[in-house]
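Q: Okay, here's the structure, questions in a sec.
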Amino acid sequence: MADDTSKNANEPSVSKDFIRQKVDADLASGKYDGVVTRFPPEPNGYLHIGHTKAIALSFGLAKEYGGVTHLRFDDTNPLTEDTSYVESIEEDIRWLGYDWGDRLHYTSDYFEQLYDWAVKLIEKGVAYVCHLSDEEIREYRGTVKEAGVDSPYRDRSVEENLADFAKMRDGGYKDGEVTLRAKIDMSNANMKMRDPLMYRVRHAHHHNTGDKWCIYPMYDWAHGQSDAIEGITHSLCTLEFENNNELYRWFLEQLEVPTPPEQTEFARLGMTYTVMSKRKLLELVEKGLVGGWDDPRLPTISGLRRRGYTPTAIKTLIERTGIAKANSTVDMGMLEWAIREDLNYIAPRKMAVLHPLKVTITNYPEGQSEELEAINNPERAEDGTRMVPFSGELYLEREDFMEDPPRKFFRLAPGREVRLRYAFFITCNEAVKDDNGEVIELKCTYDPATRGGDAPDGRKVKATLHWVSANHAVDMEVRNYDRLFNVENPLEAQYKDDWLQTLNPDSLEVLTGVKGEPSLAEMKAGDNCQFERKGYFCMDQDSKPGAPVFNRTVTLRDSWAKIQKKGGKK
RNA sequence: UGGGGUGUCGCCAAGUGGUUAAGGCAGCGGUUUUUGGGGCCGCUAUACGAAGGUUCGAAUCCUUCCACCCCAACCA
């Protein structure tokens with residue numbers, strides 16, 4: 001008993017979300033024998049963190065119930081889709097740690113079957129070829145408050161429809177000239193049921209089927225049927241498809257699928273200070289407002305990866321925000337908490353001085369240097385230690401010195417003694433200034449007896465600072481990222497028309513001449529680390545040998561900044 | 001002629017007629033600390049969109065109302 005409690009002490013109290021409860025019920029009632037889910041991305045953009053919710057749900061659920069998950073590219077619109085997106089999507093899902101095995105499918109694999117089924121519906125008298133133009137179709141559809149009007153082509157004979165549909169497939173019609181529609185109910189309160197389109201004519205090259213087809217199925221006609229073909233049991237999608245559910249069931253019923261899949265909708269993930277729509281992300285990319293789909297400021301999987309986020313952190317966020325039906329916007333702070341939690345445990349510590357201030361240790365033997373032992377990760381003793389060079393010329397962080405410090409400032413100041421991490425206590429004797437009164441150098445003395453960071457006489461210091469030996473330092477570039485937008489929801493009505501005006505002009509700060517400890521030169525692109533006292537950083541792919549570039553993933557929590565803020569308010 | 005959904009702490013989110021209304025994030029105290037990090041301890045909704053009602057008992061049931069989201073692409 002006691003063991004159980006302690007073992008689960010750090011686990012969130014878990015209660016099953018409504019989808020898992022439904023699966024339990026479905027299995028208990030014998031509706032389904034097992035669980036088969038699918039993740040059905042359209043290859044027209046990069047995956048973002050919102051998709052991760054759907055991915056984690058579908059893959060995670062199946063795994064929990066001993067089932068499997070299919071990856072199915074929903075490639076029914078050749079105009080917007082492309083193979084390059086297929087590749088990035090596969091890479092991102094794999095990186096997140098999910099495996100679809102040999103269950104890789106394309107909706108286009110089913111075009112022939114879908115065509116045959118469409119013929120079946122025509123034969124049943126519940127589908128017809130319609131010669132109305134897109135404008136006319138819209139007019140005949142009515143509005144949410146008014147019933148629609150039947151198409152004049154609605155009651156043509158089965159033979160006529162069959163012949164016409166064959167002509168559609170054979171290229172006998174131009175784009176937009178005709179459609180195949182389901183014959184349902186033009187006055188249905190659910191707009192999706194007003195004789196929805198099943199096929200449209202598109203003389204376009206498809207990335208998978210080439211020029212084989214000139215008619216392409218619409219989402220509603222393709223999706224549920226593809227689910228049925230694959231034996232999907234639980235088809236999970238986001239809330240905006242709730243209205244499509246009735247149609248999803250209608251098609252399956254018409255086709256008399258023996259054990260039809262069921263669609264269940266959940267709320268998509270929204271996050272503050274960003275946008276999550278593929279259309280908006282595409283706009284940011286195409287207008288060059290960010291560096292590409294993998295810009296570290298973007299909520300895309302590839303952007304987060306480059307920023308230094310780990311699959312663990314992303315999945316932790318998804319787990320902790322849960323699955324429900326209420327539209328929600330999760331605070332970006334929760335994502336930051338998730339990555340800090342993971343990186344605190346796994347990221348090796350390093351010392352790097354972002355804004356260097358030169359320091360001369362006046363009583364340190366000139367030309368000499370020595371190596372000091374530093375702990376790689378205080379959270380994991382097994383990660384061991386490394387040696388860091390120390391000398392009489394160092395760099396300290398500019399903001400760690402104040403000539404005239406306020407009450408709560410513990411760091412270096414004239415006459416004050418502080419500890420250099422893993423090294424010595426130093427005391428500041430003089431601040432050298434330039435003609436403008438700017439402090440350009442500090443002259444300090446060190447206490448050789450404090451080697452390693454403890455004073456034999458037991459005296460204490462209030463601060464421990466990070467530092468880098470000047471002659472041993474690696475010159476680096478650091479990219480400090482901040483939120484992409486200045487407002488929580490850039491798409492809110494009040495900004496609607498020019499949401500781009502809410503972009504944060506300071507979302508990227510490039511620091512050059514950053515001084516890092518020598519071991520930083522050994523890191524590889526994609527490696528995470530913590531710059532002590534500053535934050536978590538990830539080596540960028542733009543790094544060159546001897547010229548590393550680091551992306552700031554997230555800062556450390558900073559209670560000094562809070563104190564300063566409070567003081568400022570007063 | 002409208003229909004479909006959703007409303008529980010600043011942000012997520014449990015709760016399924018009887019609980020002191022979980023938990024996480026954020027916040028606030030304290031403690032520990034060679035990262036002002038992290039850890040640990042504690043505090044933080046008499047209140048469940050609102051108003052009525054049913055009941056010994058309601059966030060949970062009923063009624064009415066309010067707010068927000070989705071649907072009128074040959075997008076998904």
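Chains: A, B, ... in order of the structure tokens. Residues: from 1 per chain. Ligands: from 1, in order shown.
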Identify all residues of region 79-215 of chain A in strand (DSSP E or B) (DSSP on the backbone) and supply them as a ChimeraX atom specification.
A: /A:104-106,127-130,179-182,197-201,206,210,215
Q: Output N, CA and C atoms for every residue in that selection, as a JSON list (two decimals), in the first residue's frame.
A:
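What ended up in out-v4.json:
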[["chain", "number", "residue", "atom", "x", "y", "z"],
["A", 104, "LEU", "N", 0.78, 2.22, -43.67],
["A", 104, "LEU", "CA", 0.83, 3.52, -44.33],
["A", 104, "LEU", "C", -0.12, 3.49, -45.51],
["A", 105, "HIS", "N", -1.09, 4.38, -45.48],
["A", 105, "HIS", "CA", -2.11, 4.38, -46.55],
["A", 105, "HIS", "C", -2.33, 5.77, -47.12],
["A", 106, "TYR", "N", -2.94, 5.76, -48.29],
["A", 106, "TYR", "CA", -3.35, 7.01, -48.91],
["A", 106, "TYR", "C", -4.81, 6.87, -49.29],
["A", 127, "ALA", "N", -27.75, 9.02, -55.44],
["A", 127, "ALA", "CA", -26.70, 9.93, -55.88],
["A", 127, "ALA", "C", -26.97, 10.30, -57.33],
["A", 128, "TYR", "N", -26.60, 11.52, -57.69],
["A", 128, "TYR", "CA", -26.90, 11.98, -59.05],
["A", 128, "TYR", "C", -25.86, 12.97, -59.54],
["A", 129, "VAL", "N", -25.71, 13.01, -60.85],
["A", 129, "VAL", "CA", -24.80, 13.98, -61.44],
["A", 129, "VAL", "C", -25.55, 15.29, -61.61],
["A", 130, "CYS", "N", -24.90, 16.36, -61.14],
["A", 130, "CYS", "CA", -25.55, 17.67, -61.13],
["A", 130, "CYS", "C", -24.78, 18.64, -62.03],
["A", 179, "THR", "N", -20.85, 17.84, -61.04],
["A", 179, "THR", "CA", -20.46, 17.19, -59.78],
["A", 179, "THR", "C", -21.34, 15.97, -59.58],
["A", 180, "LEU", "N", -20.86, 15.07, -58.73],
["A", 180, "LEU", "CA", -21.73, 13.99, -58.30],
["A", 180, "LEU", "C", -22.18, 14.35, -56.89],
["A", 181, "ARG", "N", -23.48, 14.26, -56.68],
["A", 181, "ARG", "CA", -24.00, 14.63, -55.37],
["A", 181, "ARG", "C", -24.83, 13.52, -54.77],
["A", 182, "ALA", "N", -24.81, 13.48, -53.43],
["A", 182, "ALA", "CA", -25.68, 12.52, -52.74],
["A", 182, "ALA", "C", -27.07, 13.12, -52.70],
["A", 197, "LEU", "N", -21.75, 17.38, -52.12],
["A", 197, "LEU", "CA", -20.96, 16.95, -53.26],
["A", 197, "LEU", "C", -20.12, 15.74, -52.89],
["A", 198, "MET", "N", -20.07, 14.79, -53.80],
["A", 198, "MET", "CA", -19.23, 13.61, -53.60],
["A", 198, "MET", "C", -17.98, 13.66, -54.50],
["A", 199, "TYR", "N", -18.17, 14.15, -55.70],
["A", 199, "TYR", "CA", -17.04, 14.27, -56.64],
["A", 199, "TYR", "C", -17.07, 15.60, -57.36],
["A", 200, "ARG", "N", -15.87, 16.11, -57.64],
["A", 200, "ARG", "CA", -15.77, 17.27, -58.50],
["A", 200, "ARG", "C", -14.75, 16.93, -59.59],
["A", 201, "VAL", "N", -14.83, 17.67, -60.70],
["A", 201, "VAL", "CA", -13.91, 17.44, -61.81],
["A", 201, "VAL", "C", -12.67, 18.30, -61.64],
["A", 206, "HIS", "N", -1.95, 14.48, -59.86],
["A", 206, "HIS", "CA", -1.97, 14.12, -58.45],
["A", 206, "HIS", "C", -0.61, 13.52, -58.06],
["A", 210, "GLY", "N", -0.92, 10.46, -60.32],
["A", 210, "GLY", "CA", -0.54, 11.06, -61.60],
["A", 210, "GLY", "C", -1.74, 11.62, -62.33],
["A", 215, "ILE", "N", -11.45, 13.10, -61.79],
["A", 215, "ILE", "CA", -12.48, 13.41, -60.80],
["A", 215, "ILE", "C", -11.90, 13.01, -59.44]]
Q: For region 237-252 of chain A, find every residue with an atom within 7 Å (counting only C-alpha atoms (C1' of nucleotides)), except residues of its own chain fewer than 5 positions away, and show them as a list in words.
A: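 Residues meeting the cut-off are Asn190, Lys192, Met193, Asp220, Gly224, Gln225, Val257, Pro260, Gln263, Thr264, Glu265, Phe266, Ala267 and Arg268 of chain A; G4, C70 and C71 of chain B.
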Q: Using C-alpha atoms (C1' of nucleotides), can you write the selected residues to a file as a PDB file, in the first residue's frame?
A:
ATOM      1  CA  ASN A 190     -27.885  20.394 -41.079  1.00  0.00           C
ATOM      2  CA  LYS A 192     -24.003  19.190 -44.606  1.00  0.00           C
ATOM      3  CA  MET A 193     -26.986  17.032 -45.507  1.00  0.00           C
ATOM      4  CA  ASP A 220     -17.045  13.640 -46.666  1.00  0.00           C
ATOM      5  CA  GLY A 224     -15.670   7.544 -43.653  1.00  0.00           C
ATOM      6  CA  GLN A 225     -15.384   5.090 -46.519  1.00  0.00           C
ATOM      7  CA  VAL A 257     -21.044  -1.533 -44.014  1.00  0.00           C
ATOM      8  CA  PRO A 260     -19.138   0.779 -39.372  1.00  0.00           C
ATOM      9  CA  GLN A 263     -16.496   9.292 -35.484  1.00  0.00           C
ATOM     10  CA  THR A 264     -15.936  11.050 -32.180  1.00  0.00           C
ATOM     11  CA  GLU A 265     -14.955  14.694 -31.929  1.00  0.00           C
ATOM     12  CA  PHE A 266     -12.743  16.407 -29.382  1.00  0.00           C
ATOM     13  CA  ALA A 267     -11.525  19.974 -28.902  1.00  0.00           C
ATOM     14  CA  ARG A 268      -8.427  20.974 -30.767  1.00  0.00           C
TER      15      ARG A 268
ATOM     16  C1'   G B   4     -25.055  20.909 -33.858  1.00  0.00           C
ATOM     17  C1'   C B  70     -19.073  25.221 -35.558  1.00  0.00           C
ATOM     18  C1'   C B  71     -22.107  24.665 -40.266  1.00  0.00           C
TER      19        C B  71
END
Q: Give me the residues near Val68 (chain A) as an MDAnalysis selection string, where near means some atom within 12 Å (using only C-alpha atoms (C1' of nucleotides)) and where sequence neighbours in that chain fewer than 6 positions away do not count.
A: chainID A and resid 34:39 58:62 98:104 230:234
Q: Show me a table, sorted first by chain and then by increasing residue number, of the residues of chain B having an atom at most 10 Å from chain A, each with its shortest atom pair and the distance in Å to one decimal, counting only C-alpha atoms (C1' of nucleotides) and written as a Markdown table.
A:
| residue | atom | partner | partner_atom | distance |
| --- | --- | --- | --- | --- |
| B:U1 | C1' | A:Lys145 | CA | 5.1 |
| B:G2 | C1' | A:Lys145 | CA | 4.6 |
| B:G3 | C1' | A:Ala189 | CA | 5.0 |
| B:G4 | C1' | A:Asn243 | CA | 6.0 |
| B:G5 | C1' | A:Glu242 | CA | 7.6 |
| B:U6 | C1' | A:Ala326 | CA | 5.2 |
| B:G7 | C1' | A:Ala326 | CA | 7.9 |
| B:C11 | C1' | A:Asp331 | CA | 5.5 |
| B:C12 | C1' | A:Thr321 | CA | 5.2 |
| B:A13 | C1' | A:Gly322 | CA | 7.0 |
| B:A14 | C1' | A:Ser15 | CA | 6.9 |
| B:G15 | C1' | A:Ser15 | CA | 9.9 |
| B:A22 | C1' | A:Ser13 | CA | 7.6 |
| B:G23 | C1' | A:Ser13 | CA | 5.8 |
| B:G24 | C1' | A:Arg320 | CA | 6.4 |
| B:C25 | C1' | A:Met334 | CA | 5.3 |
| B:A26 | C1' | A:Gly333 | CA | 7.6 |
| B:U34 | C1' | A:Arg421 | CA | 6.0 |
| B:U35 | C1' | A:Arg533 | CA | 4.8 |
| B:G36 | C1' | A:Trp560 | CA | 5.1 |
| B:G37 | C1' | A:Leu556 | CA | 6.2 |
| B:G38 | C1' | A:Asn344 | CA | 7.5 |
| B:G39 | C1' | A:Glu379 | CA | 9.7 |
| B:C68 | C1' | A:Asn327 | CA | 9.2 |
| B:C69 | C1' | A:Asn327 | CA | 7.1 |
| B:C70 | C1' | A:Glu240 | CA | 5.3 |
| B:C71 | C1' | A:Met191 | CA | 6.2 |
| B:A72 | C1' | A:Thr143 | CA | 4.7 |
| B:A73 | C1' | A:Asp134 | CA | 9.5 |
| B:C74 | C1' | A:Arg200 | CA | 5.2 |
| B:C75 | C1' | A:Asn77 | CA | 8.0 |
| B:A76 | C1' | A:Tyr219 | CA | 6.3 |
Q: Report as a list in words all protein, DNA and RNA residues lying within 8 Å of G17 (chain B), evaluated on only C-alpha atoms (C1' of nucleotides), omitting residues in the same chain fewer than 3 positions from it.
A: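 So the residues in contact are G57, A58, U60 and C61 of chain B.
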Q: One decimal, Å: what's the distance from CA of Asp92 (chain A) over to CA of Tyr46 (chain A), could you say?
A: 8.7 Å
Q: I'd like to know which residues of region 301-440 of chain A are helix (DSSP H, G or I) (by DSSP, run on the backbone); could you write them as JSON, numbers by chain?
A: {"A": [301, 302, 303, 304, 305, 306, 307, 311, 312, 313, 314, 315, 316, 317, 318, 319, 320, 321, 332, 333, 334, 335, 336, 337, 338, 339, 340, 341, 342, 343, 344, 345, 346, 381, 382, 383, 398, 399, 400]}
Q: Next, dump the selected residues to file, keeping only C-alpha atoms, as an mmCIF file, in the first residue's frame.
A:
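And here's selection-v6.cif as it stands now:
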data_model
loop_
_atom_site.group_PDB
_atom_site.id
_atom_site.type_symbol
_atom_site.label_atom_id
_atom_site.label_comp_id
_atom_site.auth_asym_id
_atom_site.auth_seq_id
_atom_site.Cartn_x
_atom_site.Cartn_y
_atom_site.Cartn_z
ATOM 1 C CA ILE A 301 6.782 20.210 -34.885
ATOM 2 C CA SER A 302 9.861 20.998 -36.946
ATOM 3 C CA GLY A 303 10.067 24.487 -35.455
ATOM 4 C CA LEU A 304 9.771 23.191 -31.917
ATOM 5 C CA ARG A 305 12.379 20.552 -32.658
ATOM 6 C CA ARG A 306 14.802 23.181 -33.913
ATOM 7 C CA ARG A 307 13.993 25.363 -30.927
ATOM 8 C CA PRO A 311 9.130 14.801 -27.834
ATOM 9 C CA THR A 312 8.799 14.116 -24.122
ATOM 10 C CA ALA A 313 7.968 17.720 -23.320
ATOM 11 C CA ILE A 314 5.445 17.997 -26.119
ATOM 12 C CA LYS A 315 3.760 14.785 -25.070
ATOM 13 C CA THR A 316 3.756 15.885 -21.442
ATOM 14 C CA LEU A 317 1.901 19.022 -22.436
ATOM 15 C CA ILE A 318 -0.682 16.988 -24.322
ATOM 16 C CA GLU A 319 -1.163 14.630 -21.397
ATOM 17 C CA ARG A 320 -1.527 17.382 -18.874
ATOM 18 C CA THR A 321 -4.020 19.414 -20.880
ATOM 19 C CA MET A 332 2.070 28.998 -23.477
ATOM 20 C CA GLY A 333 3.511 28.921 -19.962
ATOM 21 C CA MET A 334 2.377 25.333 -19.672
ATOM 22 C CA LEU A 335 4.489 24.306 -22.666
ATOM 23 C CA GLU A 336 7.435 26.143 -21.157
ATOM 24 C CA TRP A 337 6.917 24.352 -17.880
ATOM 25 C CA ALA A 338 6.872 21.013 -19.734
ATOM 26 C CA ILE A 339 10.157 21.606 -21.520
ATOM 27 C CA ARG A 340 11.858 22.916 -18.383
ATOM 28 C CA GLU A 341 10.771 19.836 -16.523
ATOM 29 C CA ASP A 342 12.285 17.523 -19.127
ATOM 30 C CA LEU A 343 15.436 19.501 -19.793
ATOM 31 C CA ASN A 344 16.143 20.066 -16.113
ATOM 32 C CA TYR A 345 16.590 16.352 -15.880
ATOM 33 C CA ILE A 346 18.423 15.593 -19.116
ATOM 34 C CA ALA A 381 25.125 12.367 -10.500
ATOM 35 C CA GLU A 382 25.790 9.585 -13.035
ATOM 36 C CA ASP A 383 26.390 12.190 -15.723
ATOM 37 C CA ARG A 398 27.298 42.279 -17.587
ATOM 38 C CA GLU A 399 24.089 42.212 -15.605
ATOM 39 C CA ASP A 400 25.826 40.380 -12.747
#
